[in-house]
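> Quick one: the structure is below, and I'll ask about it shortly.
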4 protein chains.
Amino acid sequence: MIRLNCDYLEGCHPAILRKLTETNLEQTVGYGMDPYCQQAAGMIREAFACPEGVVHFLVGGTQANATVIAAALRPYEGVLCAETGHINVHETGAIEASGHKCLVLPQFNGKITARQVADAVAAQGDDEHMVKPGMVYISLSTELGTLYSRQELEALYTTCQELGLYLYIDGARLGYALTAPACDLTPADVARFSDAFTIGGTKVGALFGEAVVISNPELNRNFRYMIKQHGGMLAKGRLLGLQFIALMEDGLYFSIAKKAVAQALRIREALVNKGVPFFIDSPTNQLFPIFSDAQAEAIARDFELALWERVDNTHVAMRVCTSWATPDAYVDAFITAIEKL
Amino acid sequence: MIRLNCDYLEGCHPAILRKLTETNLEQTVGYGMDPYCQQAAGMIREAFACPEGVVHFLVGGTQANATVIAAALRPYEGVLCAETGHINVHETGAIEASGHKCLVLPQFNGKITARQVADAVAAQGDDEHMVKPGMVYISLSTELGTLYSRQELEALYTTCQELGLYLYIDGARLGYALTAPACDLTPADVARFSDAFTIGGTKVGALFGEAVVISNPELNRNFRYMIKQHGGMLAKGRLLGLQFIALMEDGLYFSIAKKAVAQALRIREALVNKGVPFFIDSPTNQLFPIFSDAQAEAIARDFELALWERVDNTHVAMRVCTSWATPDAYVDAFITAIEKL
Amino acid sequence: MIRLNCDYLEGCHPAILRKLTETNLEQTVGYGMDPYCQQAAGMIREAFACPEGVVHFLVGGTQANATVIAAALRPYEGVLCAETGHINVHETGAIEASGHKCLVLPQFNGKITARQVADAVAAQGDDEHMVKPGMVYISLSTELGTLYSRQELEALYTTCQELGLYLYIDGARLGYALTAPACDLTPADVARFSDAFTIGGTKVGALFGEAVVISNPELNRNFRYMIKQHGGMLAKGRLLGLQFIALMEDGLYFSIAKKAVAQALRIREALVNKGVPFFIDSPTNQLFPIFSDAQAEAIARDFELALWERVDNTHVAMRVCTSWATPDAYVDAFITAIEKL
Amino acid sequence: MIRLNCDYLEGCHPAILRKLTETNLEQTVGYGMDPYCQQAAGMIREAFACPEGVVHFLVGGTQANATVIAAALRPYEGVLCAETGHINVHETGAIEASGHKCLVLPQFNGKITARQVADAVAAQGDDEHMVKPGMVYISLSTELGTLYSRQELEALYTTCQELGLYLYIDGARLGYALTAPACDLTPADVARFSDAFTIGGTKVGALFGEAVVISNPELNRNFRYMIKQHGGMLAKGRLLGLQFIALMEDGLYFSIAKKAVAQALRIREALVNKGVPFFIDSPTNQLFPIFSDAQAEAIARDFELALWERVDNTHVAMRVCTSWATPDAYVDAFITAIEKL
């Protein structure tokens with residue numbers, strides 16, 4: 001049985017295991033104050049062209065999102081997001097658990113626009129009976145595998161600047177976004193057009209770990225207190241630093257992500273050739289084909305995909321994911337299976 | 001420079017790295033639902049003689065404490081603990097951040113008694129203007145390296161049962177407690193005389209990870225929702241299962257802990273022989289000698305200890321820690337340094 | 001200038017002032033434990049035919065909602081409500097501030113259905129990554145002045161019972177609902193088909209005050225702790241009891257509400273006669289006519305209404321409210337103004 | 001049975017009832033934006049010589065404390081207070097419910113000192129594993145009826161200024177403090193030496209209501225959102241404004257408080273003459289005599305006092321309270337009873 005249902009099925013890139021093994025018995029200070037974390041932070045600042053950015057390493061995505069958002073907002077403020085946003089749907093109310101409302105906007109292709117943000121702020125109208133928007137949350141790539149264009153992101157950021165909102169980018173799949181052929185954003189753009197963003201390690205080669213990069217110094221004030229309070233300060237923090245060193249060395253993070261996107265696009269082409277429609281047209285490592293129940297059943301004999309949504313009585317949208325770890329043989333086998341449908 | 005200042009300086013026991021390496025490219029389901037986590041849970045249930053216990057794996061101690069306590073308490077309830085309790089002092093208010101007051105009791109040797117618990121409940125007197133005690137938190141070994149006796153623990157548990165309180169044991173250093181010669185508690189006692197307890201991996205051989213063992217089924221209701229909301233649900237959950245399998249195999253957890261305690265006791269003997277007094281007399285892997293400033297300075301040339309507390313104008317209490325990773329050579333060198341004082 | 005913009009413009013019914021004046025210098029115990037609160041609770045139990053109901057008196061509606069909801073839910077649970085629900089829109093995130101997500105359902109006429117509730121629970125599917133529905137919140141009359149029929153309410157309650165959800169009715173305008181000619185619900189139905197409901201005093205004759213009536217004993221456990229923690233326990237609690245005694249005596253609450261609804265229906269008839277369309281067709285004390293800007297301007301010379309929503313470039317929906325305190329002369333004057341449009 | 005057990009037994013000063021009656025059927029805007037609230041705010045600014053102060057009116061003390069503290073602190077910050085502080089003991093964890101730890105300091109006579117504050121900040125040492133002090137809370141008069149001297153208050157404020165902490169004064173009994181002969185503080189001092197303070201109405205003549213006066217504009221930012229979220233925004237806000245107008249007119253607040261303190265001092269003198277010792281020597285409207293059980297029993301035949309604390313097997317400390325409403329005849333009767341002991 002070949003699993004293509006998500007991008008966190010395997011352990012980590014071998015380069016990371018090597019790094020952990022080499023340094024295993026060294027003694028370092030804890031809680032992310034070690035030289036490896038410092039080195040990794042420097043490499044990230046360079047890769048994302050943000051020399052003033054402050055980098056923190058957290059274990060997981062829900063933790064990173066909850067910590068950044070709680071650090072940014074006053075108690076009466078909420079975070080604008082797409083209705084499909086991960087924080088709104090799949091984090092068991094972690095944002096609300098720290099007291100903040102997700103101010104939900106209708107999405108199109110998993111995305112929201114500068115105009116929607118401006119309208120939402122206008123509609124709230126500084127009425128103290130309503131939650132005040134304090135931040136905009138977007139994900140890149142989105143939960144539907146889609147991308148913001150440079151123009152869209154810049155517009156969002158400019159609007160946020162004008163309206164006094166923070167813009168935060170959840171980059172759980174940032175690698176798969178930035179290396180997609182359809183993406184016109186550079187790493188530097190991500191840093192320039194946001195107040196904070198994450199670089200997801202868990203889904204792109206690491207055992208675990210999300211780097212939180214904060215460009216806006218206001219948001220960084222006492223941020224480590226927030227990490228600790230939210231249970232995100234790893235005692236042996238160097239484990240995070242070491243993993244990101246391995247990922248940043250020679251652009252490994254980007255090269256493995258690029259490979260996975262290329263694999264997804266090969267699968268996409270096979271689906272297109274076969275005339276399989278898509279629930280959404282996504283240009284990154286996640287695909288959302290719509291299969292007839294018969295097709296889905298045929299595929300399920302050898303492949304595990306994720307059920308996304310039932311479309312009608314006889315069709316389902318499935319999610320297919322590639323990752324840094326997907327062997328070419330799996331992709332070939334899946335393409336063959338598609339062709340046989 | 002030799003570090004003996006804490007017990008989370010190194011990576012992990014080599015058996016764990018081996019296990020991670022062997023399984024690295026396997027595909028498993030996420031979020032702790034994989035076979036490795038199931039296997040590890042079974043091994044823990046056996047080692048702690050609690051066949052009905054439910055085992056969850058979380059990344060870190062603050063997370064584990066905050067999640068268990070928030071799962072146990074109603075909004076108006078608080079958690080009784082020693083003033084030196086980790087949750088009260090060193091978790092940046094994570095308990096309060098989930099809405100609950102630490103109901104602080106004076107400590108003696110880092111411990112609290114059944115009598116104190118009963119008195120605190122009586123003093124609250126079900127007065128709705130005061131926070132209602134809902135749980136008792138103790139740590140084993142304590143933050144001061146001390147131990148509860150079997151009789152003390154049983155008395156606490158009986159009192160909690162009578163008063164309708166949960167008893168929760170923070171076992172961040174459980175290995176170093178249970179393997180100390182002075183300890184009359186067995187693993188089975190820990191499970192039997194509590195509603196929930198943790199088995200600390202981070203400080204006893206793992207890269208990271210705390211096993212939360214819940215004996216009281218009421219406390220387990222929808223517990224995984226709580227883990228997820230608190231940011232403690234690791235995507236690649238098997239990393240936790242694999243580590244605890246390695247630790248439970250052939251009692252590795254206990255044998256490495258026992259070794260570390262034996263090392264600490266050798267150091268303790270050297271300090272006693274030298275006439276160095278103790279801030280507190282601790283029988284586990286943490287020692288708290290009081291040095292004159294001159295002595296402290298001499299030691300600081302080659303050894304890094306932790307400053308615990310200034311005792312008077314010319315003396316300081318320091319913390320010395322051994323761990324599963326402390327080489328005998330470090331212990332020998334430190335003993336020699338003591339003898340030279 | 002005559003104000004018809006909301007139903008909390010004046011003080012209180014004279015019977016209440018009399019009662020407060022008569023008892024002013026009596027000494028009673030505080031915090032709602034006085035004989036007046038007991039008496040008022042008894043009168044409410046009788047009026048709503050719920051002999052087992054427990055009655056608590058709180059100062060305001062946001063407080064009452066936040067307290068009931070926080071008392072009902074576990075940390076990972078949320079409250080299902082219409083997108084127009086007061087808790088979702090106009091309470092500055094008070095529900096989220098106590099850690100709970102408003103699980104928003106599309107509304108029709110300000111209402112939600114049993115079917116929507118069942119579908120939402122099915123969609124969550126006990127997936128621990130998503131907030132678990134724990135309660136349904138409805139308002140009666142709704143924020144749009146509409147009513148649930150007996151059949152609709154019973155269906156909601158039956159569904160909640162089947163799915164293990166609490167059903168909570170925000171009765172800030174309960175009087176104006178139950179006395180509307182179009183309402184087929186009795187006070188007893190409200191108690192029977194809910195786990196808890198409020199009887200709004202603020203908008204129906206009192207200076208302030210909401211009675212929270214809890215039929216489900218599980219929800220009442222330690223409820224007074226919740227009131228105190230949420231800042232809702234009035235020191236001189238008898239002020240609430242006294243007001244509700246006055247309101248329950250000889251059915252004053254219902255007779256003054258009935259009068260206000262009758263006034264609104266007179267205004268409604270005038271609007272219909274004039275051919276003014278409605279934003280929503282509401283049968284209680286709130287009306288939502290759509291005026292042309294010219295009409296709105298004409299009215300604004302003598303009357304203050306509430307701007308509800310701009311409908312198009314030349315039309316606005318306004319809210320017209322009557323209350324227990326609206327003089328007939330105001331209604332007559334407003335009807336004359338409508339006729340002149 | 002004469003009650004002298006607390007200072008919120010009766011309704012309100014007749015001047016307030018008159019004011020409410022006179023204005024009862026007026027129509028005003030809601031939520032504290034009415035002209036009466038504005039007028040009351042102006043009178044308070046004048047009485048407390050703080051022309052720049054912003055005044056908000058809230059219903060009760062727990063609400064006021066929770067709202068001010070939550071508005072002031074960042075999530076990782078806590079509030080320094082005496083162990084006897086109302087927020088720490090008698091508000092059912094309302095501060096923790098909004099996420100903040102009470103950082104408890106040992107008290108002497110119910111008070112804390114500038115030195116204790118400085119030491120606590122030094123001990124925290126900006127260690128991100130510990131809650132950061134962000135505010136100091138004191139009560140005036142204290143829960144034990146004692147007073148801060150001008151010098152003590154100024155020292156506290158200066159220390160707070162130096163350390164970047166807010167100083168907040170809970171003035172639930174401010175009237176009884178400022179009018180005590182032993183008090184060397186003026187109303188202007190209270191405003192000058194704090195960032196925010198409350199003027200308690202509930203215990204000093206009002207039906208209910210606390211005025212929150214904010215001198216530090218930073219603390220006032222979006223404060224009305226905080227009030228609303230905490231359920232403290234009274235719909236008919238003018239009820240608060242009207243009460244404070246009545247209390248401020250011709251210094252009524254101060255004259256009625258002065259009378260109550262004078263009554264308490266007469267009782268105090270009788271107790272001293274009788275040789276009754278005190279649990280604490282308090283110079284305001286609360287007295288804490290220690291009676292033998294026989295004495296307490298004798299008194300209990302005609303008078304209800306509050307049990308404060310059992311002192312030993314045969315003695316109890318009781319609380320005796322006078323208030324604006326205490327008739328001289330009650331005081332005379334109580335003095336006679338003391339003389340007869």
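To be explicit about the labels: the chains of the structure tokens are called A, B, and onward in the order shown, and within each one the residues are counted from 1, while ligands get numbers from 1 in the order they are shown.
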Within 8 Å of chain A, which residues of chain B show up when using only C-alpha atoms, listed as number ranges by chain?
B: 3, 8-12, 17, 20-21, 23-30, 60-63, 91-94, 97-98, 202, 207-208, 225, 228-232, 234-236, 239, 325
> What's around range 132-146 of chain B at 6 Å? Count only C-alpha atoms, leave out sequence neighbours fewer than 3 positions away in its own chain, and write the answer as JSON, numbers by chain.
{"B": [77, 78, 79, 80, 81, 110, 165, 166, 167, 168, 169, 170, 171, 173, 174, 177, 282, 284, 286]}
> Expressed in Å to a single decimal, how great is the separation between CA of Phe279 in chain D and CA of Ala120 in chain B?
21.8 Å
> Applying 9 Å and only C-alpha atoms, which residues near range 152-161 of chain C remain after dropping the ones on its own chain fewer than 5 positions away? List them as a ChimeraX atom specification.
/C:112-115,117-118,135-136,166-167,185,189-190,192-195
> Hey, can you spit out that residue selection with N, CA, C and O atoms as a PDB file, in the first residue's frame?

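Writing done, so here's out-v3.pdb:
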ATOM      1  N   ILE C 112     -31.880  29.456  12.994  1.00  0.00           N
ATOM      2  CA  ILE C 112     -31.231  28.227  12.546  1.00  0.00           C
ATOM      3  C   ILE C 112     -32.194  27.056  12.786  1.00  0.00           C
ATOM      4  O   ILE C 112     -33.144  27.188  13.556  1.00  0.00           O
ATOM      5  N   THR C 113     -31.886  25.940  12.137  1.00  0.00           N
ATOM      6  CA  THR C 113     -32.813  24.808  12.206  1.00  0.00           C
ATOM      7  C   THR C 113     -32.158  23.574  12.832  1.00  0.00           C
ATOM      8  O   THR C 113     -30.924  23.464  12.874  1.00  0.00           O
ATOM      9  N   ALA C 114     -33.029  22.667  13.252  1.00  0.00           N
ATOM     10  CA  ALA C 114     -32.568  21.386  13.796  1.00  0.00           C
ATOM     11  C   ALA C 114     -31.697  20.664  12.772  1.00  0.00           C
ATOM     12  O   ALA C 114     -30.679  20.065  13.116  1.00  0.00           O
ATOM     13  N   ARG C 115     -32.078  20.751  11.534  1.00  0.00           N
ATOM     14  CA  ARG C 115     -31.322  20.089  10.480  1.00  0.00           C
ATOM     15  C   ARG C 115     -29.901  20.644  10.365  1.00  0.00           C
ATOM     16  O   ARG C 115     -28.935  19.898  10.247  1.00  0.00           O
ATOM     17  N   VAL C 117     -28.198  21.983  12.715  1.00  0.00           N
ATOM     18  CA  VAL C 117     -27.461  21.522  13.897  1.00  0.00           C
ATOM     19  C   VAL C 117     -26.978  20.097  13.685  1.00  0.00           C
ATOM     20  O   VAL C 117     -25.802  19.771  13.912  1.00  0.00           O
ATOM     21  N   ALA C 118     -27.880  19.245  13.218  1.00  0.00           N
ATOM     22  CA  ALA C 118     -27.508  17.844  12.998  1.00  0.00           C
ATOM     23  C   ALA C 118     -26.398  17.740  11.960  1.00  0.00           C
ATOM     24  O   ALA C 118     -25.442  16.966  12.117  1.00  0.00           O
ATOM     25  N   MET C 135     -23.098  23.056  22.463  1.00  0.00           N
ATOM     26  CA  MET C 135     -24.299  23.806  22.837  1.00  0.00           C
ATOM     27  C   MET C 135     -24.860  24.477  21.586  1.00  0.00           C
ATOM     28  O   MET C 135     -24.115  24.790  20.660  1.00  0.00           O
ATOM     29  N   VAL C 136     -26.163  24.686  21.605  1.00  0.00           N
ATOM     30  CA  VAL C 136     -26.799  25.498  20.569  1.00  0.00           C
ATOM     31  C   VAL C 136     -27.349  26.745  21.248  1.00  0.00           C
ATOM     32  O   VAL C 136     -28.005  26.651  22.294  1.00  0.00           O
ATOM     33  N   TYR C 166     -26.380  20.973  24.708  1.00  0.00           N
ATOM     34  CA  TYR C 166     -27.273  21.839  25.451  1.00  0.00           C
ATOM     35  C   TYR C 166     -27.987  22.785  24.481  1.00  0.00           C
ATOM     36  O   TYR C 166     -27.396  23.214  23.489  1.00  0.00           O
ATOM     37  N   LEU C 167     -29.227  23.135  24.799  1.00  0.00           N
ATOM     38  CA  LEU C 167     -29.908  24.191  24.047  1.00  0.00           C
ATOM     39  C   LEU C 167     -30.149  25.371  24.984  1.00  0.00           C
ATOM     40  O   LEU C 167     -30.749  25.217  26.055  1.00  0.00           O
ATOM     41  N   LEU C 185     -45.696  29.928  21.049  1.00  0.00           N
ATOM     42  CA  LEU C 185     -44.974  29.382  22.199  1.00  0.00           C
ATOM     43  C   LEU C 185     -45.539  29.944  23.491  1.00  0.00           C
ATOM     44  O   LEU C 185     -45.843  31.144  23.575  1.00  0.00           O
ATOM     45  N   ASP C 189     -43.396  26.348  27.328  1.00  0.00           N
ATOM     46  CA  ASP C 189     -42.648  25.741  26.219  1.00  0.00           C
ATOM     47  C   ASP C 189     -41.178  26.157  26.265  1.00  0.00           C
ATOM     48  O   ASP C 189     -40.285  25.349  26.002  1.00  0.00           O
ATOM     49  N   VAL C 190     -40.965  27.414  26.559  1.00  0.00           N
ATOM     50  CA  VAL C 190     -39.589  27.919  26.600  1.00  0.00           C
ATOM     51  C   VAL C 190     -38.777  27.147  27.638  1.00  0.00           C
ATOM     52  O   VAL C 190     -37.620  26.778  27.401  1.00  0.00           O
ATOM     53  N   ARG C 192     -39.572  24.142  28.850  1.00  0.00           N
ATOM     54  CA  ARG C 192     -39.558  22.711  28.561  1.00  0.00           C
ATOM     55  C   ARG C 192     -38.595  22.360  27.433  1.00  0.00           C
ATOM     56  O   ARG C 192     -37.966  21.318  27.441  1.00  0.00           O
ATOM     57  N   PHE C 193     -38.501  23.228  26.461  1.00  0.00           N
ATOM     58  CA  PHE C 193     -37.692  22.920  25.286  1.00  0.00           C
ATOM     59  C   PHE C 193     -36.319  23.585  25.322  1.00  0.00           C
ATOM     60  O   PHE C 193     -35.809  24.048  24.285  1.00  0.00           O
ATOM     61  N   SER C 194     -35.738  23.673  26.485  1.00  0.00           N
ATOM     62  CA  SER C 194     -34.376  24.224  26.570  1.00  0.00           C
ATOM     63  C   SER C 194     -33.719  23.699  27.833  1.00  0.00           C
ATOM     64  O   SER C 194     -34.403  23.204  28.732  1.00  0.00           O
ATOM     65  N   ASP C 195     -32.401  23.809  27.876  1.00  0.00           N
ATOM     66  CA  ASP C 195     -31.672  23.470  29.105  1.00  0.00           C
ATOM     67  C   ASP C 195     -31.501  24.700  29.978  1.00  0.00           C
ATOM     68  O   ASP C 195     -31.341  24.584  31.193  1.00  0.00           O
TER      69      ASP C 195
END
> Let's see if you can do this: from backbone DSSP, list all strand (DSSP E) residues in range 43-80 of chain A, as a PyMOL selection string.
chain A and resi 54-58+77-80
> Using N, CA and C atoms, can you export the residues from the last selection as an mmCIF file, in the first residue's frame?

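Written file, out.cif:
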data_model
loop_
_atom_site.group_PDB
_atom_site.id
_atom_site.type_symbol
_atom_site.label_atom_id
_atom_site.label_comp_id
_atom_site.auth_asym_id
_atom_site.auth_seq_id
_atom_site.Cartn_x
_atom_site.Cartn_y
_atom_site.Cartn_z
ATOM 1 N N VAL A 54 13.935 38.450 13.147
ATOM 2 C CA VAL A 54 14.278 37.648 14.315
ATOM 3 C C VAL A 54 13.654 36.272 14.115
ATOM 4 N N VAL A 55 14.450 35.236 14.346
ATOM 5 C CA VAL A 55 13.987 33.878 14.077
ATOM 6 C C VAL A 55 13.836 33.107 15.382
ATOM 7 N N HIS A 56 12.658 32.513 15.574
ATOM 8 C CA HIS A 56 12.411 31.616 16.712
ATOM 9 C C HIS A 56 12.059 30.251 16.149
ATOM 10 N N PHE A 57 12.404 29.205 16.901
ATOM 11 C CA PHE A 57 12.093 27.852 16.436
ATOM 12 C C PHE A 57 11.075 27.207 17.364
ATOM 13 N N LEU A 58 9.961 26.791 16.787
ATOM 14 C CA LEU A 58 8.927 26.116 17.567
ATOM 15 C C LEU A 58 8.718 24.708 17.031
ATOM 16 N N GLU A 77 -9.142 42.018 20.171
ATOM 17 C CA GLU A 77 -8.853 41.941 18.744
ATOM 18 C C GLU A 77 -8.987 40.511 18.226
ATOM 19 N N GLY A 78 -9.320 40.401 16.946
ATOM 20 C CA GLY A 78 -9.433 39.106 16.295
ATOM 21 C C GLY A 78 -8.551 39.048 15.059
ATOM 22 N N VAL A 79 -8.528 37.879 14.444
ATOM 23 C CA VAL A 79 -7.666 37.666 13.296
ATOM 24 C C VAL A 79 -8.525 37.338 12.076
ATOM 25 N N LEU A 80 -8.378 38.135 11.057
ATOM 26 C CA LEU A 80 -9.083 37.900 9.800
ATOM 27 C C LEU A 80 -8.451 36.723 9.074
#
> Which of range 238-300 of chain D counts as helix (DSSP H, G or I) under DSSP, as a VMD selection string please?
chain D and resid 238 to 273 293 to 300
> For Glu269 in chain A, which residue among A:Glu339, A:Asp293, A:Glu210, A:Asp302 is the nearest when counting only C-alpha atoms?
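Counting only C-alpha atoms, the residue closest to Glu269 in chain A is A:Glu339.
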> Could you check which of C:Val320, C:Val204, C:Ile16, C:Ala211 is closest to Ile267 in chain C, using only C-alpha atoms?
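Smallest separation from Ile267 in chain C among the options: C:Val320.
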> Lys340 in chain D: which residues within 12 Å, counting only C-alpha atoms, same-chain residues fewer than 6 positions away excluded, as a ChimeraX atom specification?
/D:270-271,273-274,295,298-299,333-334
